[in-house]
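Take a look at the structure set out below.
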Number of protein chains: 4
Amino acid sequence: MTHHSPTLIALLHGADQPGLVARVSGWIFEKGGNILHADQHRDMEAGIFFQRVEWVPADKSPMPLAGAAEEFARFAVSLGMQARVLSSAQRKRIALFVSKADHCFHDLILRWKAGDLAADIVAVISNHPDLAEAAQGYGIPFHHIPVTAESKSQSEMRQLAILRDHAAELVVLARYMQVLTPGFLDQFGKPVINIHHSFLPAFAGGRPYHQAYLRGVKLIGATAHYATRDLDEGPIIHQDVVRVTHRHDVDDLVRLGRDLERLVLAQAVRWHLNGRVLAYGNKTVVFD
Amino acid sequence: MTHHSPTLIALLHGADQPGLVARVSGWIFEKGGNILHADQHRDMEAGIFFQRVEWVPADKSPMPLAGAAEEFARFAVSLGMQARVLSSAQRKRIALFVSKADHCFHDLILRWKAGDLAADIVAVISNHPDLAEAAQGYGIPFHHIPVTAESKSQSEMRQLAILRDHAAELVVLARYMQVLTPGFLDQFGKPVINIHHSFLPAFAGGRPYHQAYLRGVKLIGATAHYATRDLDEGPIIHQDVVRVTHRHDVDDLVRLGRDLERLVLAQAVRWHLNGRVLAYGNKTVVFD
Amino acid sequence: MTHHSPTLIALLHGADQPGLVARVSGWIFEKGGNILHADQHRDMEAGIFFQRVEWVPADKSPMPLAGAAEEFARFAVSLGMQARVLSSAQRKRIALFVSKADHCFHDLILRWKAGDLAADIVAVISNHPDLAEAAQGYGIPFHHIPVTAESKSQSEMRQLAILRDHAAELVVLARYMQVLTPGFLDQFGKPVINIHHSFLPAFAGGRPYHQAYLRGVKLIGATAHYATRDLDEGPIIHQDVVRVTHRHDVDDLVRLGRDLERLVLAQAVRWHLNGRVLAYGNKTVVFD
Amino acid sequence: MTHHSPTLIALLHGADQPGLVARVSGWIFEKGGNILHADQHRDMEAGIFFQRVEWVPADKSPMPLAGAAEEFARFAVSLGMQARVLSSAQRKRIALFVSKADHCFHDLILRWKAGDLAADIVAVISNHPDLAEAAQGYGIPFHHIPVTAESKSQSEMRQLAILRDHAAELVVLARYMQVLTPGFLDQFGKPVINIHHSFLPAFAGGRPYHQAYLRGVKLIGATAHYATRDLDEGPIIHQDVVRVTHRHDVDDLVRLGRDLERLVLAQAVRWHLNGRVLAYGNKTVVFD
């Protein structure tokens with residue numbers, strides 16, 4: 001849905017209690033805001049309330065937007081909820097991590113150039129030089145940081161420095177073929193989205209298309225998830241599959257998988273940027 | 001999502017105005033109700049607000065439920081909205097219309113017997129005697145009412161009388177091969193759901209699988225919609241497709257289509273019964 | 001595709017060698033047969049040739065069909081190939097194994113009654129009495145054989161005796177909640193098709209919908225496979241998935257899974273009966 | 001499936017007669033060829049036989065390949081069949097027609113650069129100058145030929161001259177927003193593949209996403225077809241759909257449709273280039 005006024009989007013969650021919908025919508029109404037969308041979810045078993053609410057605040061100039069966001073966050077705390085508040089007027093800054101494969105790289109950049117992402121791709125970081133020229137062709141700074149077993153911690157220090165320099169707020173692993181250490185994730189402290197080339201939890205780990213071929217499955221998949229300390233175990237944002245047959249060899253699976261990976265990663269990044277994904281435990285609530 | 005307390009579900013829509021979410025949720029909160037789900041939609045172009053809200057009222061006994069439903073409906077009118085209020089404690093009464101094909105017939109009845117429908121199938125009406133025995137095997141009254149060009153209006157009078165006798169609140173055309181007249185629809189005055197064996201608006205009218213075969217399409221579809229005066233033009237509730245190839249002849253399309261028709265019709269009926277479908281103009285909002 | 005003359009279907013495979021297509025089709029042509037379909041596959045890595053060929057033999061009476069089948073099998077051996085030859089005139093005899101869940105049970109029986117299966121369901125065997133009446137309503141012999149940890153081997157002896165009495169040629173485990181022992185599989189010596197309620201290899205073992213819920217996957221699946229000594233590891237015939245969201249609890253997954261299981265199992269059984277599935281190693285070639 | 005030796009691919013069709021599979025495979029075997037794949041289809045109603053056969057000829061050098069192709073074509077004629085023979089060693093020359101939309105344009109070019117197409121994109125022709133720079137960035141000649149109602153026939157003359165200059169063997173209309181005249185199609189005399197942004201035959205003609213939005217369909221589609229004199233009526237090669245809801249406005253449909261259009265067009269072009277599509281009447285046989 002297209003909106004032309006800048007909006008605020010709040011993602012909140014916490015212990016369920018009666019009247020939450022009324023209190024949140026009442027608060028926004030009192031402040032002169034107009035709610036465009038409000039979606040709730042209750043995890044009945046865990047007793048948790050989740051909400052995504054998007055509204056046009058009374059004063060629409062960008063600076064007051066930031067103030068309104070902070071004000072709402074304080075209100076959420078008063079309800080005993082955790083809240084994340086985004087302003088549609090503030091574009092997120094994305095750093096892409098890549099290796100040699102270029103399909104997700106081109107795909108995300110072309111979507112950005114087409115105006116489909118509420119964000120900017122501000123840097124590309126790679127452990128291989130292969131995509132340097134392509135990145136420069138798009139006008140995006142490219143940083144080649146080789147990674148070896150020995151250099152890993154040093155390389156991650158350099159990556160973190162570059163992320164700081166670019167003020168990156170989201171890292172997208174666009175078929176980056178290295179595992180990030182828990183230390184890296186902690187120090188970055190912001191979301192990292194990965195695309196795994198299988199239908200997790202099937203075929204976690206390396207060479208999933210080879211594993212799928214050997215097992216003789218009839219569908220192959222791709223999974224976009226937040227990267228966490230536990231490899232391939234982070235909260236799943238999006239998954240999809242495509243049908244394969246005995247006629248497809250490993251090369252065919254790789255080729256078919258490329259389209260899946262592009263679409264699944266792009267959808268996950270888009271949902272994240274639009275404030276539609278709320279991770280809790282190792283699961284997500286996606287308000288689509 | 002399973003809930004164990006009886007709930008009220010309101011579907012309301014009307015001209016958009018600021019504060020609607022707050023006013024509806026505030027009203028429910030004041031009456032001691034606890035909102036389980038609240039979904040909104042705004043048709044920006046038409047300026048219409050749509051909401052589905054489901055809540056556990058303060059007093060959960062069935063009779064007060066009816067009172068609470070009426071009270072809410074009055075409140076909605078005070079907001080300038082139209083509202084339909086359902087109580088989960090009150091099971092809808094369904095009449096199935098069939099001809100000779102039995103796949104949707106068995107499917108809906110088996111789902112009902114499995115406890116998947118919040119309703120009861122109270123009668124089967126057919127223009128052919130073929131399914132009489134099967135209906136009786138399930139313990140459902142079967143009414144054979146032949147329909148010919150000459151007898152049509154008389155037959156419809158008999159159908160309407162039977163619907164009244166059974167206090168039917170929903171008619172499901174489970175591959176009923178006759179067109180209902182505008183007069184019938186007006187006099188029944190309650191929803192009628194039809195399954196059309198094509199991806200409407202493609203292949204409206206008769207023999208859609210033959211049309212699809214001749215055109216050489218690569219997907220065939222099925223469409224569940226509310227029946228209106230305009231044949232095959234009513235608001236679409238649900239659609240799905242299945243892939244076909246040159247190897248499939250018309251008989252194969254018919255066979256593959258049976259699975260599609262069963263699933264699409266069952267989903268549409270389920271959504272309708274759970275108060276998830278709001279028709280306006282020739283479209284629907286489905287709060288799934 | 002519907003054919004009206006009885007046909008022979010040969011599934012052959014063996015070490016690849018030049019001229020196999022020419023020799024097989026030449027042999028059939030010389031005998032006066034008319035090939036309707038011939039599909040080949042080569043596993044390039046393993047050097048194996050697979051073929052499904054279906055033809056109308058010169059003499060179409062049922063008895064000569066059996067002779068022609070044997071003659072072809074001898075010819076295949078002369079090529080160094082293994083062959084299985086089916087006659088479309090000879091309907092296979094199926095035994096269904098069930099427990100308490102009835103959705104695959106009704107589904108397969110209704111497809112059979114609708115004429116969609118080139119086979120007959122000749123017996124239902126269950127470790128619970130729940131479906132006795134339903135089986136009898138369909139006119140199918142029902143055998144209740146309780147299974148406990150202690151009685152398992154004795155129960156399997158009884159099951160095998162019943163399969164022999166009914167001359168069963170295929171066992172379909174239609175949500176049968178017991179593991180068959182290697183001894184049972186060896187003694188039966190004919191194909192056994194199982195439906196597993198997950199997208200294997202994800203969520204093998206028990207309670208797959210609970211596992212899927214805990215992991216937070218966005219798609220759930222079902223897998224039809226030949227049962228082998230290695231539980232949940234047999235050759236996969238067919239798989240499909242359906243999208244789920246955070247709004248679905250375990251009960252919803254179970255309900256949505258029922259439709260998946262019905263469709264995936266029915267498709268696998270149909271392909272098997274039409275001589276379209278060739279298992280080798282732990283994989284299948286499906287000539288669809 | 002990847003093959004490393006150059007192969008010949010024949011697509012033949014004609015009146016069905018006994019022994020065709022044997023005669024074709026026998027002929028190839030006698031010449032020392034080794035069949036890799038052979039797929040047949042019979043249109044029982046129309047009495048037409050269709051075959052795709054792919055083989056490694058005895059002499060694999062490129063020139064003898066051309067000779068073998070001609071030899072096979074003569075053989076096919078002797079059987080009363082029409083044949084088209086392709087050599088995998090000979091890459092087809094593609095001209096892309098575009099207007100302003102760039103998603104199919106980038107998609108096809110990136111697939112080509114990734115080595116996924118057995119062809120070369122040799123020219124881009126557009127009625128708008130917008131994609132000139134992007135084409136040049138990819139190193140592909142770009143020809144801007146404005147088209148107005150008055151200039152149409154002259155513009156088509158210029159387009160045909162450019163196609164001749166580039167020896168183009170396939171035109172792909174990658175969201176080209178002009179209708180080609182029958183005269184153009186006749187004079188070009190080679191295949192033209194178009195992507196229509198709806199699930200044909202639904203929403204033929206202009207602005208299909210607007211039509212889909214107004215009708216309230218729950219799935220939108222895209223259709224790749226050969227362009228013929230009858231607008232939107234040519235043989236369909238491939239179609240796919242994506243689910244939409246009431247939450248999607250026309251802009252969302254356009255955005256979602258872009259992914260569909262890219263995938264459907266790319267698949268159709270790939271199948272065409274691999275000699276997998278046989279058009280007859282207004283339908284296709286796709287040997288996938």
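Going through the structure tokens in order, the chains are called A, B, and so on, while each chain numbers its residues from 1 and the ligands are numbered from 1 in the order shown.
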For this session: Tell me, as a PyMOL selection string, which residues lie within 9 Å of D:Arg111, counting only C-alpha atoms; anything in the same chain fewer than 5 positions away does not count.
Result: (chain A and resi 103) or (chain D and resi 106+116-117+266)
Compile the contact shell of C:Arg74 as a PDB file with C-alpha atoms, in the first residue's frame: residues with an atom at most 12 Å away, counting only C-alpha atoms, same-chain residues fewer than 4 positions apart removed.
ATOM      1  CA  ALA C  10       7.607 -51.497 -18.792  1.00  0.00           C
ATOM      2  CA  LEU C  12      13.504 -50.777 -16.998  1.00  0.00           C
ATOM      3  CA  TRP C  27      11.671 -54.830 -30.483  1.00  0.00           C
ATOM      4  CA  GLY C  67       2.564 -63.552 -22.129  1.00  0.00           C
ATOM      5  CA  ALA C  68       3.755 -60.387 -23.820  1.00  0.00           C
ATOM      6  CA  ALA C  69       4.789 -58.995 -20.458  1.00  0.00           C
ATOM      7  CA  GLU C  70       6.952 -62.026 -19.724  1.00  0.00           C
ATOM      8  CA  SER C  78      19.077 -59.946 -22.710  1.00  0.00           C
ATOM      9  CA  LEU C  79      19.976 -56.215 -22.737  1.00  0.00           C
ATOM     10  CA  GLY C  80      21.411 -56.486 -19.255  1.00  0.00           C
ATOM     11  CA  MET C  81      18.514 -54.448 -17.841  1.00  0.00           C
ATOM     12  CA  GLN C  82      16.137 -55.039 -14.951  1.00  0.00           C
ATOM     13  CA  ALA C  83      12.491 -54.684 -15.929  1.00  0.00           C
ATOM     14  CA  ARG C  84       9.119 -54.560 -14.252  1.00  0.00           C
ATOM     15  CA  VAL C  85       6.177 -54.981 -16.650  1.00  0.00           C
TER      16      VAL C  85
END
Go through chain D residue by residue and, counting only C-alpha atoms, keep those with an atom at most 6 Å from chain B; for each kept residue give the shortest atom pair and its distance in Å to one decimal, ordered by chain and increasing number, as a tab-separated table.
residue	atom	partner	partner_atom	distance
D:Pro201	CA	B:Ala202	CA	5.7
D:Ala202	CA	B:Ala202	CA	4.6
D:Gly216	CA	B:Lys283	CA	5.0
D:Lys218	CA	B:Gln239	CA	5.9
D:Gln239	CA	B:Lys218	CA	5.9
D:His246	CA	B:Val285	CA	5.5
D:Lys283	CA	B:Gly216	CA	4.9
D:Val285	CA	B:His246	CA	5.5
Exercise. Got a sec to tell me which of stretch 14-247 of chain B DSSP assigns to alpha helix (DSSP H), as a PyMOL selection string?
Worked result: chain B and resi 20-30+62-78+103-113+132-137+152-165+182-188+208-215
Exercise. Got a sec to tell me which of stretch 127-218 of chain D DSSP assigns to strand (DSSP E or B), as a list in words?
Worked result: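 Answer for stretch 127-218 of chain D, restricted to strand (DSSP E or B): Phe142, His143, His144, Leu170, Val171, Val172, Leu173, Val192, Ile193, Asn194, Ile195 and His196 of chain D.
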For this session: Select, from B:Ala89, B:Ala95, B:Ala134, B:Leu263, the residue with the minimum atom-to-atom distance to B:His166, counting only C-alpha atoms.
Result: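 Among the listed residues, the smallest separation from B:His166 belongs to B:Ala95.
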Exercise. Pick from B:Ile195, B:Val24, B:Met157, B:Leu256: nearest to B:Ala38, with only C-alpha atoms counted?
Worked result: B:Val24
Exercise. If you count only C-alpha atoms, which residues fall within 12 Å of A:Glu30, apart from same-chain ones fewer than 6 positions away, as a VMD selection string?
Worked result: (chain A and resid 22 to 24 57 to 58) or (chain B and resid 18 to 19 22 to 23)
Write the selection just made, keeping C-alpha atoms, as a compact mmCIF listing (two decimals), in the first residue's frame?
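Heads up, here's the output in selection-v3.txt:
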# COMPACT_ATOMS: atom_id res chain seq x y z
CA ALA A 22 -7.52 0.24 23.28
CA ARG A 23 -4.68 1.89 25.17
CA VAL A 24 -2.29 2.03 22.24
CA PRO A 57 1.35 11.72 13.43
CA ALA A 58 -0.22 15.14 13.92
CA PRO B 18 -9.91 9.51 12.31
CA GLY B 19 -9.95 7.60 15.57
CA ALA B 22 -9.43 3.81 19.14
CA ARG B 23 -13.19 4.25 19.46
Exercise. Which distance in Å separates atom CA of A:Val250 and atom CA of A:Asp102, to one decimal?
Worked result: 18.6 Å
Exercise. Atom CA of C:Asp259 to atom CA of C:Met177: how many Å, to one decimal?
Worked result: 17.9 Å
For this session: Tell me which protein, DNA and RNA residues are within 8 Å of C:Leu253, counting only C-alpha atoms, leaving out same-chain ones fewer than 6 positions away, and put them as number ranges by chain.
Result: C: 209, 213, 220, 244
Write out as a tab-separated table (two decimals) with C-alpha atoms, in the first residue's frame which residues come within 9 Å of D:Ala167 when counting only C-alpha atoms, dropping same-chain ones fewer than 5 positions away.
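Final output, result04.tsv:
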chain	number	residue	atom	x	y	z
D	93	ARG	CA	21.08	-14.42	-31.75
D	94	ILE	CA	18.46	-12.53	-29.70
D	122	VAL	CA	23.01	-8.95	-29.86
D	162	ILE	CA	18.31	-3.62	-37.74
Contacts of B:Arg229 within 10 Å, only C-alpha atoms, excl. fewer than 6 positions in-chain, as an mmCIF file with all heavy atoms, in the first residue's frame:
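This is the output file result_27.cif:
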data_model
loop_
_atom_site.group_PDB
_atom_site.id
_atom_site.type_symbol
_atom_site.label_atom_id
_atom_site.label_comp_id
_atom_site.auth_asym_id
_atom_site.auth_seq_id
_atom_site.Cartn_x
_atom_site.Cartn_y
_atom_site.Cartn_z
ATOM 1 N N VAL B 179 -28.255 -22.399 -12.700
ATOM 2 C CA VAL B 179 -28.120 -20.994 -12.324
ATOM 3 C C VAL B 179 -29.297 -20.610 -11.441
ATOM 4 O O VAL B 179 -30.448 -20.926 -11.747
ATOM 5 C CB VAL B 179 -28.081 -20.101 -13.581
ATOM 6 C CG1 VAL B 179 -28.046 -18.632 -13.206
ATOM 7 C CG2 VAL B 179 -26.889 -20.477 -14.443
ATOM 8 N N LEU B 180 -29.022 -19.946 -10.322
ATOM 9 C CA LEU B 180 -30.104 -19.455 -9.464
ATOM 10 C C LEU B 180 -30.583 -18.112 -10.001
ATOM 11 O O LEU B 180 -29.771 -17.276 -10.406
ATOM 12 C CB LEU B 180 -29.612 -19.290 -8.028
ATOM 13 C CG LEU B 180 -29.095 -20.562 -7.353
ATOM 14 C CD1 LEU B 180 -28.541 -20.248 -5.970
ATOM 15 C CD2 LEU B 180 -30.214 -21.606 -7.255
ATOM 16 N N THR B 181 -31.881 -17.897 -10.001
ATOM 17 C CA THR B 181 -32.412 -16.633 -10.540
ATOM 18 C C THR B 181 -32.215 -15.502 -9.526
ATOM 19 O O THR B 181 -32.120 -15.739 -8.320
ATOM 20 C CB THR B 181 -33.915 -16.747 -10.843
ATOM 21 O OG1 THR B 181 -34.595 -16.945 -9.602
ATOM 22 C CG2 THR B 181 -34.214 -17.902 -11.787
ATOM 23 N N PRO B 182 -32.207 -14.261 -10.020
ATOM 24 C CA PRO B 182 -32.180 -13.113 -9.105
ATOM 25 C C PRO B 182 -33.317 -13.186 -8.097
ATOM 26 O O PRO B 182 -33.136 -12.855 -6.923
ATOM 27 C CB PRO B 182 -32.328 -11.922 -10.051
ATOM 28 C CG PRO B 182 -31.733 -12.386 -11.340
ATOM 29 C CD PRO B 182 -32.101 -13.853 -11.436
ATOM 30 N N GLY B 183 -34.456 -13.662 -8.526
ATOM 31 C CA GLY B 183 -35.592 -13.768 -7.620
ATOM 32 C C GLY B 183 -35.291 -14.686 -6.443
ATOM 33 O O GLY B 183 -35.594 -14.386 -5.287
ATOM 34 N N PHE B 184 -34.661 -15.827 -6.738
ATOM 35 C CA PHE B 184 -34.301 -16.760 -5.677
ATOM 36 C C PHE B 184 -33.356 -16.089 -4.689
ATOM 37 O O PHE B 184 -33.536 -16.157 -3.468
ATOM 38 C CB PHE B 184 -33.642 -18.002 -6.283
ATOM 39 C CG PHE B 184 -33.179 -18.987 -5.251
ATOM 40 C CD1 PHE B 184 -33.979 -20.052 -4.877
ATOM 41 C CD2 PHE B 184 -31.929 -18.847 -4.641
ATOM 42 C CE1 PHE B 184 -33.556 -20.956 -3.908
ATOM 43 C CE2 PHE B 184 -31.500 -19.737 -3.669
ATOM 44 C CZ PHE B 184 -32.320 -20.788 -3.306
ATOM 45 N N LEU B 185 -32.312 -15.432 -5.234
ATOM 46 C CA LEU B 185 -31.305 -14.816 -4.367
ATOM 47 C C LEU B 185 -31.941 -13.746 -3.475
ATOM 48 O O LEU B 185 -31.655 -13.661 -2.283
ATOM 49 C CB LEU B 185 -30.185 -14.201 -5.217
ATOM 50 C CG LEU B 185 -29.341 -15.234 -5.982
ATOM 51 C CD1 LEU B 185 -28.414 -14.524 -6.967
ATOM 52 C CD2 LEU B 185 -28.525 -16.097 -5.027
ATOM 53 N N ASP B 186 -32.846 -12.953 -4.060
ATOM 54 C CA ASP B 186 -33.506 -11.903 -3.275
ATOM 55 C C ASP B 186 -34.354 -12.503 -2.160
ATOM 56 O O ASP B 186 -34.326 -12.037 -1.033
ATOM 57 C CB ASP B 186 -34.421 -11.064 -4.175
ATOM 58 C CG ASP B 186 -33.604 -10.136 -5.070
ATOM 59 O OD1 ASP B 186 -32.384 -10.008 -4.830
ATOM 60 O OD2 ASP B 186 -34.191 -9.555 -6.002
#
